file my_file_36.cif (mmCIF, C-alpha atoms and all ligand atoms)
data_upload
#
loop_
_atom_site.label_atom_id
_atom_site.label_comp_id
_atom_site.auth_asym_id
_atom_site.auth_seq_id
_atom_site.Cartn_x
_atom_site.Cartn_y
_atom_site.Cartn_z
CA MET A 29 141.09 56.43 91.94
CA ILE A 30 139.81 53.43 90.06
CA GLY A 31 140.32 49.71 90.32
CA LYS A 32 140.39 49.43 94.08
CA ALA A 33 138.36 46.24 94.38
CA ALA A 34 140.52 44.12 92.16
CA CYS A 35 143.68 44.78 94.10
CA LEU A 36 142.50 45.38 97.63
CA SER A 37 144.62 42.55 98.95
CA ILE A 38 147.67 44.28 97.54
CA ALA A 39 146.53 47.53 99.11
CA ARG A 40 146.60 46.03 102.56
CA GLY A 41 150.22 45.10 102.03
CA LEU A 42 151.28 48.36 100.45
CA LEU A 43 149.67 51.12 102.35
CA ARG A 44 149.87 49.78 105.88
CA LEU A 45 146.42 51.09 106.55
CA GLY A 46 145.39 51.81 110.06
CA PRO A 47 144.94 54.56 112.61
CA LEU A 48 147.02 57.63 111.93
CA ALA A 49 150.18 57.92 113.89
CA ILE A 50 151.97 61.07 115.00
CA SER A 51 154.45 60.37 112.18
CA LEU A 52 152.07 62.23 109.88
CA ARG A 53 153.52 65.39 111.31
CA VAL A 54 155.92 66.16 108.52
CA ARG A 55 159.57 66.62 109.35
CA GLY A 56 161.80 68.58 107.04
CA ALA A 57 158.98 70.71 105.58
CA PRO A 58 157.43 73.93 106.81
CA ARG A 59 154.04 74.21 108.51
CA ILE A 60 151.19 76.60 107.79
CA ASP A 61 149.34 77.04 111.06
CA SER A 62 146.68 79.46 109.92
CA ILE A 63 144.44 77.01 108.05
CA ASN A 64 140.89 77.32 109.29
CA THR A 65 139.48 73.83 109.90
CA SER A 66 135.95 75.12 110.30
CA SER A 67 136.10 76.81 106.90
CA LEU A 68 137.64 73.68 105.40
CA LEU A 69 134.71 71.58 106.63
CA ASP A 70 132.23 74.13 105.31
CA HIS A 71 133.81 73.82 101.87
CA LEU A 72 133.64 70.05 102.13
CA GLU A 73 129.97 70.15 103.14
CA THR A 74 129.16 72.18 100.03
CA LEU A 75 131.21 69.98 97.72
CA VAL A 76 129.67 66.78 99.08
CA SER A 77 126.18 68.24 98.52
CA PHE A 78 126.74 68.31 94.75
CA ASP A 79 125.63 65.04 93.15
CA THR A 80 128.65 64.20 91.00
CA ARG A 81 128.15 60.45 91.00
CA ASN A 82 129.90 59.35 87.83
CA GLY A 83 127.39 58.43 85.14
CA SER A 84 124.27 59.78 86.87
CA GLY A 85 125.24 63.05 88.58
CA ASP A 86 125.84 66.52 87.14
CA GLU A 87 129.56 67.24 87.25
CA MET A 88 129.24 70.57 85.42
CA ILE A 89 127.20 72.10 88.26
CA CYS A 90 130.12 71.42 90.59
CA VAL A 91 132.60 72.73 88.00
CA ARG A 92 130.61 75.99 87.74
CA TYR A 93 130.50 76.34 91.52
CA LEU A 94 134.27 75.85 91.73
CA GLU A 95 134.78 78.38 88.93
CA GLU A 96 132.97 80.96 91.03
CA THR A 97 134.87 80.01 94.17
CA LEU A 98 138.29 80.03 92.51
CA ASN A 99 137.49 83.39 90.93
CA GLY A 100 137.38 84.77 94.47
CA PHE A 101 141.10 84.03 94.82
CA ALA A 102 141.96 86.33 91.90
CA PRO A 103 143.74 83.93 89.54
CA ASP A 104 145.55 85.43 86.55
CA GLN A 105 143.75 82.97 84.29
CA LEU A 106 140.59 80.96 84.83
CA HIS A 107 139.62 78.41 82.21
CA VAL A 108 136.40 76.44 82.21
CA ALA A 109 135.53 73.79 79.67
CA GLN A 110 132.58 71.49 79.14
CA VAL A 111 133.75 68.25 77.56
CA PRO A 112 131.62 65.58 75.83
CA ARG A 113 131.99 61.98 76.93
CA SER A 114 131.51 58.74 75.01
CA ARG A 115 129.32 55.72 75.81
CA GLY A 116 126.17 57.78 76.35
CA LYS A 117 127.31 59.82 79.37
CA THR A 118 126.41 63.47 79.84
CA ASP A 119 129.08 66.14 79.45
CA SER A 120 131.61 66.67 82.21
CA GLY A 121 134.38 69.24 82.33
CA TYR A 122 137.00 71.08 84.31
CA VAL A 123 138.01 74.39 85.80
CA LEU A 124 141.67 75.43 85.74
CA ALA A 125 142.92 78.42 87.76
CA ILE A 126 146.41 79.76 87.12
CA TRP A 127 148.50 82.20 89.15
CA GLY A 128 151.65 83.50 87.45
CA LYS A 129 153.61 81.04 85.29
CA PRO A 130 152.58 77.69 86.72
CA GLU A 131 155.36 75.24 87.50
CA THR A 132 153.32 73.25 90.02
CA LEU A 133 149.88 71.75 89.42
CA LEU A 134 147.40 70.60 92.05
CA ASN A 135 144.70 68.33 90.61
CA VAL A 136 141.56 66.93 92.23
CA HIS A 137 138.75 65.01 90.51
CA ILE A 138 135.29 66.15 91.49
CA ASP A 139 133.29 63.05 90.54
CA THR A 140 132.54 60.19 92.92
CA VAL A 141 131.53 56.58 92.48
CA PRO A 142 127.81 55.70 92.85
CA SER A 143 126.78 55.63 96.50
CA GLY A 144 125.37 52.10 96.47
CA ALA A 145 123.44 50.46 99.29
CA GLY A 146 124.26 50.52 102.99
CA TRP A 147 124.40 54.25 103.76
CA THR A 148 122.79 55.08 107.10
CA ALA A 149 122.25 58.76 106.16
CA ASP A 150 121.94 60.79 102.96
CA PRO A 151 125.37 60.36 101.31
CA LEU A 152 125.23 63.95 100.01
CA ASP A 153 124.60 65.41 103.49
CA LEU A 154 127.91 65.77 105.36
CA GLN A 155 127.74 64.31 108.87
CA ARG A 156 130.19 65.92 111.32
CA GLU A 157 131.52 63.74 114.12
CA ALA A 158 134.19 64.45 116.71
CA ASP A 159 137.22 63.35 114.73
CA ARG A 160 135.80 62.60 111.29
CA VAL A 161 133.26 63.67 108.69
CA VAL A 162 131.05 61.24 106.80
CA GLY A 163 129.73 61.69 103.25
CA LEU A 164 130.11 60.56 99.65
CA GLY A 165 133.48 61.64 98.30
CA THR A 166 134.92 62.79 101.62
CA SER A 167 137.77 60.33 101.30
CA ASP A 168 137.84 60.04 97.48
CA ILE A 169 138.49 62.91 97.02
CA LYS A 170 136.42 65.97 97.71
CA GLY A 171 138.24 66.27 101.03
CA ALA A 172 141.33 67.27 99.07
CA ALA A 173 139.38 69.89 97.10
CA ALA A 174 138.18 71.39 100.38
CA CYS A 175 141.77 71.37 101.70
CA ILE A 176 142.95 73.34 98.65
CA LEU A 177 140.16 75.91 99.01
CA ALA A 178 140.98 76.33 102.71
CA ALA A 179 144.68 76.65 101.86
CA LEU A 180 143.90 79.32 99.27
CA GLU A 181 142.32 81.35 102.06
CA THR A 182 145.64 81.49 103.94
CA VAL A 183 148.45 81.73 101.39
CA ALA A 184 149.19 83.79 98.29
CA PRO A 185 149.35 81.41 95.31
CA LYS A 186 152.46 81.81 93.17
CA ASN A 187 153.37 80.19 89.85
CA VAL A 188 150.85 77.44 90.47
CA ALA A 189 147.77 75.95 88.81
CA VAL A 190 144.75 74.32 90.44
CA LEU A 191 142.73 71.93 88.31
CA PHE A 192 139.37 70.52 89.39
CA SER A 193 138.33 67.95 86.78
CA GLY A 194 135.55 65.43 86.24
CA ASP A 195 135.12 61.88 85.02
CA GLU A 196 138.02 60.24 86.83
CA GLU A 197 136.17 57.34 88.38
CA HIS A 198 134.96 55.75 85.17
CA GLY A 199 136.46 56.66 81.84
CA SER A 200 138.97 59.46 82.49
CA GLU A 201 137.91 61.39 79.41
CA ILE A 202 138.47 64.87 80.87
CA MET A 203 142.17 64.84 81.74
CA PRO A 204 143.19 64.11 78.11
CA ALA A 205 141.17 67.17 77.08
CA VAL A 206 143.03 69.31 79.63
CA ILE A 207 146.38 68.03 78.40
CA ALA A 208 145.39 68.56 74.75
CA SER A 209 144.41 72.16 75.51
CA ASP A 210 148.11 73.03 76.09
CA ARG A 211 147.03 75.03 79.14
CA LEU A 212 149.40 72.98 81.30
CA ASP A 213 152.43 73.89 79.20
CA GLY A 214 155.28 74.87 81.49
CA VAL A 215 154.03 72.77 84.41
CA LYS A 216 156.97 70.80 85.75
CA ARG A 217 155.50 68.93 88.68
CA ALA A 218 152.02 67.82 89.69
CA ILE A 219 150.31 66.58 92.81
CA VAL A 220 147.39 64.37 91.85
CA CYS A 221 145.09 64.12 94.84
CA GLU A 222 143.82 60.66 95.75
CA PRO A 223 143.35 59.00 99.14
CA THR A 224 146.85 57.98 100.20
CA SER A 225 146.41 58.56 103.95
CA CYS A 226 148.71 61.56 103.55
CA ARG A 227 151.53 59.41 102.19
CA VAL A 228 153.28 60.21 98.90
CA GLY A 229 152.32 57.75 96.13
CA ARG A 230 155.09 57.15 93.61
CA ALA A 231 153.97 54.26 91.35
CA HIS A 232 151.04 52.16 90.24
CA ARG A 233 149.98 49.76 87.54
CA GLY A 234 148.31 50.59 84.25
CA MET A 235 144.96 49.24 83.12
CA LEU A 236 143.96 47.59 79.85
CA ALA A 237 140.38 46.36 79.31
CA ILE A 238 139.28 44.67 76.09
CA SER A 239 136.18 42.90 74.81
CA ALA A 240 136.32 40.19 72.14
CA GLY A 241 133.18 39.26 70.18
CA PHE A 242 132.49 36.11 68.17
CA SER A 243 129.46 35.33 65.99
CA GLY A 244 127.89 32.65 63.83
CA PRO A 245 124.54 31.60 62.34
CA GLY A 246 123.46 29.67 65.44
CA GLY A 247 121.28 26.56 65.20
CA HIS A 248 120.31 23.21 66.64
CA SER A 249 123.09 21.66 68.70
CA SER A 250 122.96 18.51 66.55
CA LEU A 251 124.73 20.65 63.94
CA ALA A 252 127.45 21.84 66.34
CA ASP A 253 130.24 19.89 64.61
CA VAL A 254 129.64 21.71 61.34
CA THR A 255 128.59 25.17 62.58
CA ALA A 256 130.56 28.13 63.94
CA ARG A 257 130.59 28.01 67.75
CA PRO A 258 131.06 31.54 69.12
CA LEU A 259 130.97 30.60 72.77
CA LEU A 260 133.56 27.88 72.31
CA ASP A 261 135.74 30.34 70.40
CA ALA A 262 135.45 32.82 73.29
CA ALA A 263 136.27 30.11 75.84
CA ARG A 264 139.31 29.00 73.83
CA LEU A 265 140.53 32.59 73.70
CA ALA A 266 140.03 32.88 77.47
CA ALA A 267 142.19 29.77 77.94
CA LYS A 268 144.91 31.16 75.64
CA ILE A 269 144.96 34.43 77.54
CA GLY A 270 145.17 32.48 80.78
CA GLU A 271 148.29 30.75 79.50
CA TYR A 272 149.70 34.13 78.50
CA ALA A 273 149.05 35.39 82.04
CA ASP A 274 150.75 32.37 83.59
CA ALA A 275 153.86 32.97 81.48
CA TYR A 276 154.19 36.43 83.09
CA LEU A 277 153.53 35.53 86.72
CA ASN A 278 157.10 36.41 87.67
CA PHE A 279 157.37 39.42 85.35
CA GLY A 280 158.25 42.76 86.94
CA ALA A 281 159.44 43.61 90.43
CA ALA A 282 157.62 43.36 93.76
CA PRO A 283 155.09 44.66 94.66
CA PHE A 284 154.05 44.80 91.01
CA LYS A 285 154.82 41.25 89.86
CA GLY A 286 152.68 39.71 87.11
CA LEU A 287 150.04 41.25 84.87
CA CYS A 288 146.86 40.74 86.99
CA VAL A 289 145.07 39.22 83.99
CA ASN A 290 141.37 38.86 84.68
CA ILE A 291 138.84 36.98 82.56
CA GLY A 292 135.80 38.89 83.77
CA GLU A 293 132.84 37.55 81.84
CA ILE A 294 131.72 35.55 78.80
CA GLU A 295 128.21 36.33 77.60
CA SER A 296 126.27 34.42 74.93
CA ASP A 297 122.74 33.70 73.70
CA GLY A 298 123.12 29.93 73.53
CA ALA A 299 121.85 27.02 75.63
CA TYR A 300 123.04 23.45 76.06
CA ASN A 301 120.96 22.45 73.02
CA VAL A 302 121.25 25.74 71.09
CA ILE A 303 124.35 26.88 69.25
CA PRO A 304 124.71 30.59 70.15
CA THR A 305 124.77 33.26 67.46
CA GLN A 306 127.15 35.42 69.46
CA ALA A 307 129.50 35.41 72.42
CA LYS A 308 131.49 38.20 74.02
CA LEU A 309 134.46 37.93 76.35
CA TRP A 310 135.56 40.77 78.67
CA LEU A 311 139.06 40.76 80.08
CA SER A 312 141.49 43.13 81.72
CA LEU A 313 145.09 43.27 82.76
CA ARG A 314 147.20 45.67 84.79
CA PRO A 315 150.69 46.20 83.39
CA PRO A 316 153.30 47.10 86.04
CA PRO A 317 155.21 50.41 86.11
CA GLY A 318 157.61 50.60 83.17
CA ASP A 319 155.60 48.17 81.05
CA ASP A 320 154.16 49.05 77.64
CA VAL A 321 150.35 48.98 77.50
CA GLY A 322 150.43 49.22 73.70
CA LYS A 323 152.51 46.04 73.50
CA ARG A 324 150.10 44.18 75.81
CA GLU A 325 147.18 45.31 73.69
CA ALA A 326 148.94 44.10 70.53
CA ASP A 327 149.66 40.74 72.20
CA ILE A 328 146.00 40.24 73.15
CA TYR A 329 144.85 41.27 69.68
CA ALA A 330 147.27 38.76 68.12
CA LEU A 331 145.96 35.97 70.36
CA ALA A 332 142.36 36.89 69.52
CA GLY A 333 142.75 36.28 65.77
CA GLN A 334 139.51 37.09 63.93
CA ALA A 335 137.47 38.19 66.97
CA ALA A 336 135.72 41.57 66.88
CA LEU A 337 137.86 43.49 69.34
CA ASP A 338 137.16 46.67 71.29
CA THR A 339 139.63 48.33 73.65
CA ILE A 340 137.56 49.78 76.50
CA VAL A 341 140.43 51.48 78.32
CA ALA A 342 144.20 51.52 77.77
CA PHE A 343 145.80 53.44 80.62
CA GLU A 344 149.54 53.59 81.13
CA PRO A 345 151.27 52.59 84.39
CA PHE A 346 152.78 55.36 86.49
CA ALA A 347 156.05 56.10 88.24
CA THR A 348 157.27 59.42 89.63
CA LYS A 349 160.11 60.75 87.49
CA ASP A 350 162.06 62.61 90.22
CA MET A 351 160.91 62.45 93.85
CA SER A 352 163.57 64.95 94.96
CA LYS A 353 161.66 67.75 93.23
CA PHE A 354 158.91 67.43 95.87
CA ALA A 355 161.14 67.61 98.95
CA ASP A 356 160.17 71.22 99.68
CA ILE A 357 156.52 70.18 99.97
CA PHE A 358 156.61 66.76 101.56
CA GLY A 359 159.81 66.69 103.61
CA GLU A 360 160.17 63.22 105.08
CA THR A 361 156.60 62.08 104.43
CA GLU A 362 156.37 58.32 103.93
CA ILE A 363 156.52 57.19 100.29
CA VAL A 364 154.32 54.31 99.11
CA ASP A 365 153.40 52.30 96.04
CA LEU A 366 149.74 52.36 95.10
CA PRO A 367 147.32 49.52 94.33
CA TYR A 368 145.01 51.61 92.14
CA TRP A 369 145.26 53.55 88.89
CA THR A 370 145.24 57.36 88.86
CA GLU A 371 145.36 60.15 86.30
CA ALA A 372 148.93 60.85 87.42
CA ALA A 373 149.75 58.34 84.67
CA MET A 374 148.31 60.68 82.02
CA LEU A 375 150.19 63.70 83.33
CA SER A 376 153.39 61.68 83.59
CA GLN A 377 152.98 60.49 80.01
CA ALA A 378 152.62 64.16 79.02
CA GLY A 379 156.04 64.81 80.55
CA VAL A 380 155.05 66.12 83.99
CA ASN A 381 156.87 64.87 87.09
CA ALA A 382 153.98 63.74 89.31
CA VAL A 383 153.15 62.24 92.69
CA VAL A 384 149.86 61.12 94.23
CA TYR A 385 148.95 62.54 97.62
CA GLY A 386 145.78 63.16 99.57
CA PRO A 387 143.80 62.85 102.76
CA GLY A 388 141.58 59.82 103.17
CA ASN A 389 142.11 56.15 103.47
CA LEU A 390 141.67 53.58 100.73
CA GLU A 391 139.63 51.44 103.08
CA GLN A 392 137.03 54.20 103.51
CA ALA A 393 136.73 55.04 99.81
CA HIS A 394 134.11 53.56 97.49
CA LYS A 395 131.98 52.18 100.33
CA PRO A 396 128.91 53.07 102.47
CA ASN A 397 129.42 55.72 105.16
CA GLU A 398 132.67 56.87 103.55
CA TYR A 399 134.53 59.19 105.87
CA VAL A 400 137.75 61.13 106.29
CA GLU A 401 139.52 61.93 109.53
CA ILE A 402 139.74 65.64 110.26
CA GLU A 403 143.40 65.33 111.23
CA GLN A 404 144.17 64.04 107.74
CA LEU A 405 142.41 67.01 106.20
CA GLU A 406 144.49 69.36 108.33
CA VAL A 407 147.76 67.64 107.41
CA ALA A 408 146.94 67.60 103.69
CA ALA A 409 145.83 71.25 103.70
CA GLN A 410 149.25 72.21 105.05
CA ARG A 411 151.04 70.34 102.27
CA TYR A 412 148.80 71.89 99.60
CA ALA A 413 149.35 75.35 101.10
CA ILE A 414 153.11 74.89 100.76
CA ALA A 415 152.66 73.75 97.16
CA LEU A 416 150.44 76.73 96.36
CA GLN A 417 153.18 79.12 97.43
CA GLY A 418 155.38 77.88 94.59
CA SER A 419 158.90 76.52 94.48
ZN ZN B 501 139.70 59.14 93.37
#

call {"tool": "encode", "arguments": {"input": "my_file_36.cif", "output": "structure tokens"}}
result
Amino acid sequence: MIGKAACLSIARGLLRLGPLAISLRVRGAPRIDSINTSSLLDHLETLVSFDTRNGSGDEMICVRYLEETLNGFAPDQLHVAQVPRSRGKTDSGYVLAIWGKPETLLNVHIDTVPSGAGWTADPLDLQREADRVVGLGTSDIKGAAACILAALETVAPKNVAVLFSGDEEHGSEIMPAVIASDRLDGVKRAIVCEPTSCRVGRAHRGMLAISAGFSGPGGHSSLADVTARPLLDAARLAAKIGEYADAYLNFGAAPFKGLCVNIGEIESDGAYNVIPTQAKLWLSLRPPPGDDVGKREADIYALAGQAALDTIVAFEPFATKDMSKFADIFGETEIVDLPYWTEAAMLSQAGVNAVVYGPGNLEQAHKPNEYVEIEQLEVAAQRYAIALQGS
């Protein structure tokens, strides 16, 4: 799950966050009563203990551990890959277990965000309380990984694949490698696990982030009228993009109106009496479901003229193709729109009918003393157990 902060106000409106109600008990779908909560929490304790903080942790150690664990459930195929990442990050990777001819995919990312300040205990040491467990990644989204492992202990997997993959929180460079491997061929539907408070997520925005650089010889500000002015060029581009954003304020349908254009930063080496030699503008926008990220990128590039442009991320929006294909798993579970981007968009673009579903609450993710309620873990483990048994 990325991009929470920018759209948290939307999240409050969309997810109706709050204490869990009895409505989480799913009507219209079977129950698996044999899931062992104690074992589930043991799995979670182990997973939390791996430092998989995106950018600084070691995601491959966790991948190797999960390879060993999944091997214990006798998959017909078990694929492990180490995948290089750009922008100076260490390798990450994935483990993919397959039973039979997989029509259903369960996917969980194993990386977390950095733990940041404010934790009152070691974020990698799971704290067990009466109705919740506290630790980095419990809510986003190692809790789901533990649910799947606990579910595998109670049901016989059939025509299903389980994918634990890295690098979701910043970059998403692993999922494209999985898709390119063709190992998901034949998969018709996917559950991408993210903290939805055990609701079924059906749609979210895309994400496009671009930097635009300008340069010149620099000099004394007395020569500003006859010298290239990179910072002014960047500011003028920011204003143009602002006008572009305003023209689309009513574009799309609620709750995804507008493009969420953000001018994030303009950096330069100038001063009030020094013409800068360079300036760089960072911006992002979040196209709504159904929109074309490539078209937005082309629009921004056209507005930017001669700037040196770099697309940092260009992620498509997401919408579930056919919700009815998940009825056997989710019954009458509440369906929601999501305020954050997920890798369901990549699977959907690859032709897979996907939903987003997981234990954990958006308000507990990406913050100190992150926790997940044990009841949510139990509910999610039941849904994953049904999915593991195949359609
Ligand atoms: Zn996540």

call {"tool": "residues_near_ligand", "arguments": {"input": "my_file_36.cif", "ligand": "ligand ZN 501 (chain B)", "cutoff": "12 Å", "atoms": "all atoms listed in the file", "output": "mmCIF file with C-alpha atoms, in the coordinates of the input"}}
result
data_model
loop_
_atom_site.group_PDB
_atom_site.id
_atom_site.type_symbol
_atom_site.label_atom_id
_atom_site.label_comp_id
_atom_site.auth_asym_id
_atom_site.auth_seq_id
_atom_site.Cartn_x
_atom_site.Cartn_y
_atom_site.Cartn_z
ATOM 1 C CA MET A 29 141.090 56.430 91.940
ATOM 2 C CA ILE A 30 139.810 53.430 90.060
ATOM 3 C CA GLY A 31 140.320 49.710 90.320
ATOM 4 C CA LYS A 32 140.390 49.430 94.080
ATOM 5 C CA ARG A 81 128.150 60.450 91.000
ATOM 6 C CA ASN A 82 129.900 59.350 87.830
ATOM 7 C CA ASN A 135 144.700 68.330 90.610
ATOM 8 C CA VAL A 136 141.560 66.930 92.230
ATOM 9 C CA HIS A 137 138.750 65.010 90.510
ATOM 10 C CA ILE A 138 135.290 66.150 91.490
ATOM 11 C CA ASP A 139 133.290 63.050 90.540
ATOM 12 C CA THR A 140 132.540 60.190 92.920
ATOM 13 C CA VAL A 141 131.530 56.580 92.480
ATOM 14 C CA LEU A 164 130.110 60.560 99.650
ATOM 15 C CA GLY A 165 133.480 61.640 98.300
ATOM 16 C CA THR A 166 134.920 62.790 101.620
ATOM 17 C CA SER A 167 137.770 60.330 101.300
ATOM 18 C CA ASP A 168 137.840 60.040 97.480
ATOM 19 C CA ILE A 169 138.490 62.910 97.020
ATOM 20 C CA LYS A 170 136.420 65.970 97.710
ATOM 21 C CA GLY A 171 138.240 66.270 101.030
ATOM 22 C CA ALA A 172 141.330 67.270 99.070
ATOM 23 C CA ALA A 173 139.380 69.890 97.100
ATOM 24 C CA SER A 193 138.330 67.950 86.780
ATOM 25 C CA GLY A 194 135.550 65.430 86.240
ATOM 26 C CA ASP A 195 135.120 61.880 85.020
ATOM 27 C CA GLU A 196 138.020 60.240 86.830
ATOM 28 C CA GLU A 197 136.170 57.340 88.380
ATOM 29 C CA HIS A 198 134.960 55.750 85.170
ATOM 30 C CA SER A 200 138.970 59.460 82.490
ATOM 31 C CA VAL A 220 147.390 64.370 91.850
ATOM 32 C CA CYS A 221 145.090 64.120 94.840
ATOM 33 C CA GLU A 222 143.820 60.660 95.750
ATOM 34 C CA PRO A 223 143.350 59.000 99.140
ATOM 35 C CA THR A 224 146.850 57.980 100.200
ATOM 36 C CA TYR A 368 145.010 51.610 92.140
ATOM 37 C CA TRP A 369 145.260 53.550 88.890
ATOM 38 C CA THR A 370 145.240 57.360 88.860
ATOM 39 C CA GLU A 371 145.360 60.150 86.300
ATOM 40 C CA ALA A 372 148.930 60.850 87.420
ATOM 41 C CA VAL A 384 149.860 61.120 94.230
ATOM 42 C CA TYR A 385 148.950 62.540 97.620
ATOM 43 C CA GLY A 386 145.780 63.160 99.570
ATOM 44 C CA PRO A 387 143.800 62.850 102.760
ATOM 45 C CA GLY A 388 141.580 59.820 103.170
ATOM 46 C CA ASN A 389 142.110 56.150 103.470
ATOM 47 C CA LEU A 390 141.670 53.580 100.730
ATOM 48 C CA GLN A 392 137.030 54.200 103.510
ATOM 49 C CA ALA A 393 136.730 55.040 99.810
ATOM 50 C CA HIS A 394 134.110 53.560 97.490
#

call {"tool": "axis_aligned_box", "arguments": {"input": "my_file_36.cif", "around": "stretch 364-376 of chain A", "padding_each_side": "3 Å", "output": "JSON"}}
result
{"center_x": 149.7, "center_y": 56.6, "center_z": 90.6, "size_x": 15.3, "size_y": 20.2, "size_z": 23.1}

call {"tool": "residues_around", "arguments": {"input": "my_file_36.cif", "residues": "stretch 336-348 of chain A", "least_positions_apart": "2", "cutoff": "9 Å", "atoms": "only C-alpha atoms", "output": "PyMOL selection string"}}
result
chain A and resi 199+229-243+308+314-322+325+329+332-334+350-351+369-374+376-377+381-384

call {"tool": "atom_distance", "arguments": {"input": "my_file_36.cif", "atom1": "atom CA of A:Asp86", "atom2": "atom CA of A:Ala378"}}
result
28.1 Å

call {"tool": "closest_residue", "arguments": {"input": "my_file_36.cif", "among": "A:Asp213, A:Asp150, A:Glu157, A:Asp253", "to": "A:Ile303", "atoms": "all atoms listed in the file"}}
result
A:Asp253

call {"tool": "atom_distance", "arguments": {"input": "my_file_36.cif", "atom1": "atom CA of A:Arg411", "atom2": "atom CA of A:Ala178"}}
result
11.7 Å

call {"tool": "closest_residue", "arguments": {"input": "my_file_36.cif", "among": "A:Ser143, A:Gln306, A:Ser77, A:Asn99", "to": "A:Lys395", "atoms": "all atoms listed in the file"}}
result
A:Ser143

call {"tool": "closest_residue", "arguments": {"input": "my_file_36.cif", "among": "A:Gln105, A:Thr148, A:Thr305, A:Ser209", "to": "A:Ala189", "atoms": "all atoms listed in the file"}}
result
A:Gln105

call {"tool": "closest_residue", "arguments": {"input": "my_file_36.cif", "among": "A:Gly83, A:Tyr276, A:Arg227, A:Asn64", "to": "A:Gly116", "atoms": "all atoms listed in the file"}}
result
A:Gly83

call {"tool": "atom_distance", "arguments": {"input": "my_file_36.cif", "atom1": "atom CA of A:Leu72", "atom2": "atom CA of A:Gly163"}}
result
9.3 Å

call {"tool": "closest_residue", "arguments": {"input": "my_file_36.cif", "among": "A:Gly146, A:Gly244, A:Gln155, A:Glu181", "to": "A:Ala335", "atoms": "only C-alpha atoms"}}
result
A:Gly244

call {"tool": "build_atoms", "arguments": {"input": "my_file_36.cif", "residues": "stretch 392-405 of chain A", "atoms": "N, CA and C atoms", "output": "short mmCIF file (atom, residue, chain, number, x, y, z; two decimals), in the coordinates of the input"}}
result
data_model
loop_
_atom_site.label_atom_id
_atom_site.label_comp_id
_atom_site.auth_asym_id
_atom_site.auth_seq_id
_atom_site.Cartn_x
_atom_site.Cartn_y
_atom_site.Cartn_z
N GLN A 392 138.30 53.49 103.34
CA GLN A 392 137.03 54.20 103.51
C GLN A 392 136.43 54.64 102.18
N ALA A 393 137.21 54.58 101.11
CA ALA A 393 136.73 55.04 99.81
C ALA A 393 135.86 53.99 99.14
N HIS A 394 134.95 54.45 98.31
CA HIS A 394 134.11 53.56 97.49
C HIS A 394 133.27 52.63 98.36
N LYS A 395 132.80 53.07 99.51
CA LYS A 395 131.98 52.18 100.33
C LYS A 395 130.98 53.00 101.14
N PRO A 396 129.92 52.34 101.69
CA PRO A 396 128.91 53.07 102.47
C PRO A 396 129.54 53.78 103.67
N ASN A 397 128.95 54.93 104.02
CA ASN A 397 129.42 55.72 105.16
C ASN A 397 130.90 56.09 105.04
N GLU A 398 131.30 56.38 103.81
CA GLU A 398 132.67 56.87 103.55
C GLU A 398 132.97 58.06 104.45
N TYR A 399 134.16 58.07 105.02
CA TYR A 399 134.53 59.19 105.87
C TYR A 399 136.00 59.56 105.71
N VAL A 400 136.34 60.73 106.23
CA VAL A 400 137.75 61.13 106.29
C VAL A 400 138.00 61.69 107.68
N GLU A 401 139.17 61.40 108.21
CA GLU A 401 139.52 61.93 109.53
C GLU A 401 139.95 63.39 109.40
N ILE A 402 139.48 64.20 110.33
CA ILE A 402 139.74 65.64 110.26
C ILE A 402 141.24 65.92 110.35
N GLU A 403 141.95 65.12 111.13
CA GLU A 403 143.40 65.33 111.23
C GLU A 403 144.07 65.18 109.87
N GLN A 404 143.59 64.22 109.08
CA GLN A 404 144.17 64.04 107.74
C GLN A 404 143.91 65.25 106.86
N LEU A 405 142.71 65.81 106.98
CA LEU A 405 142.41 67.01 106.20
C LEU A 405 143.35 68.14 106.58
#
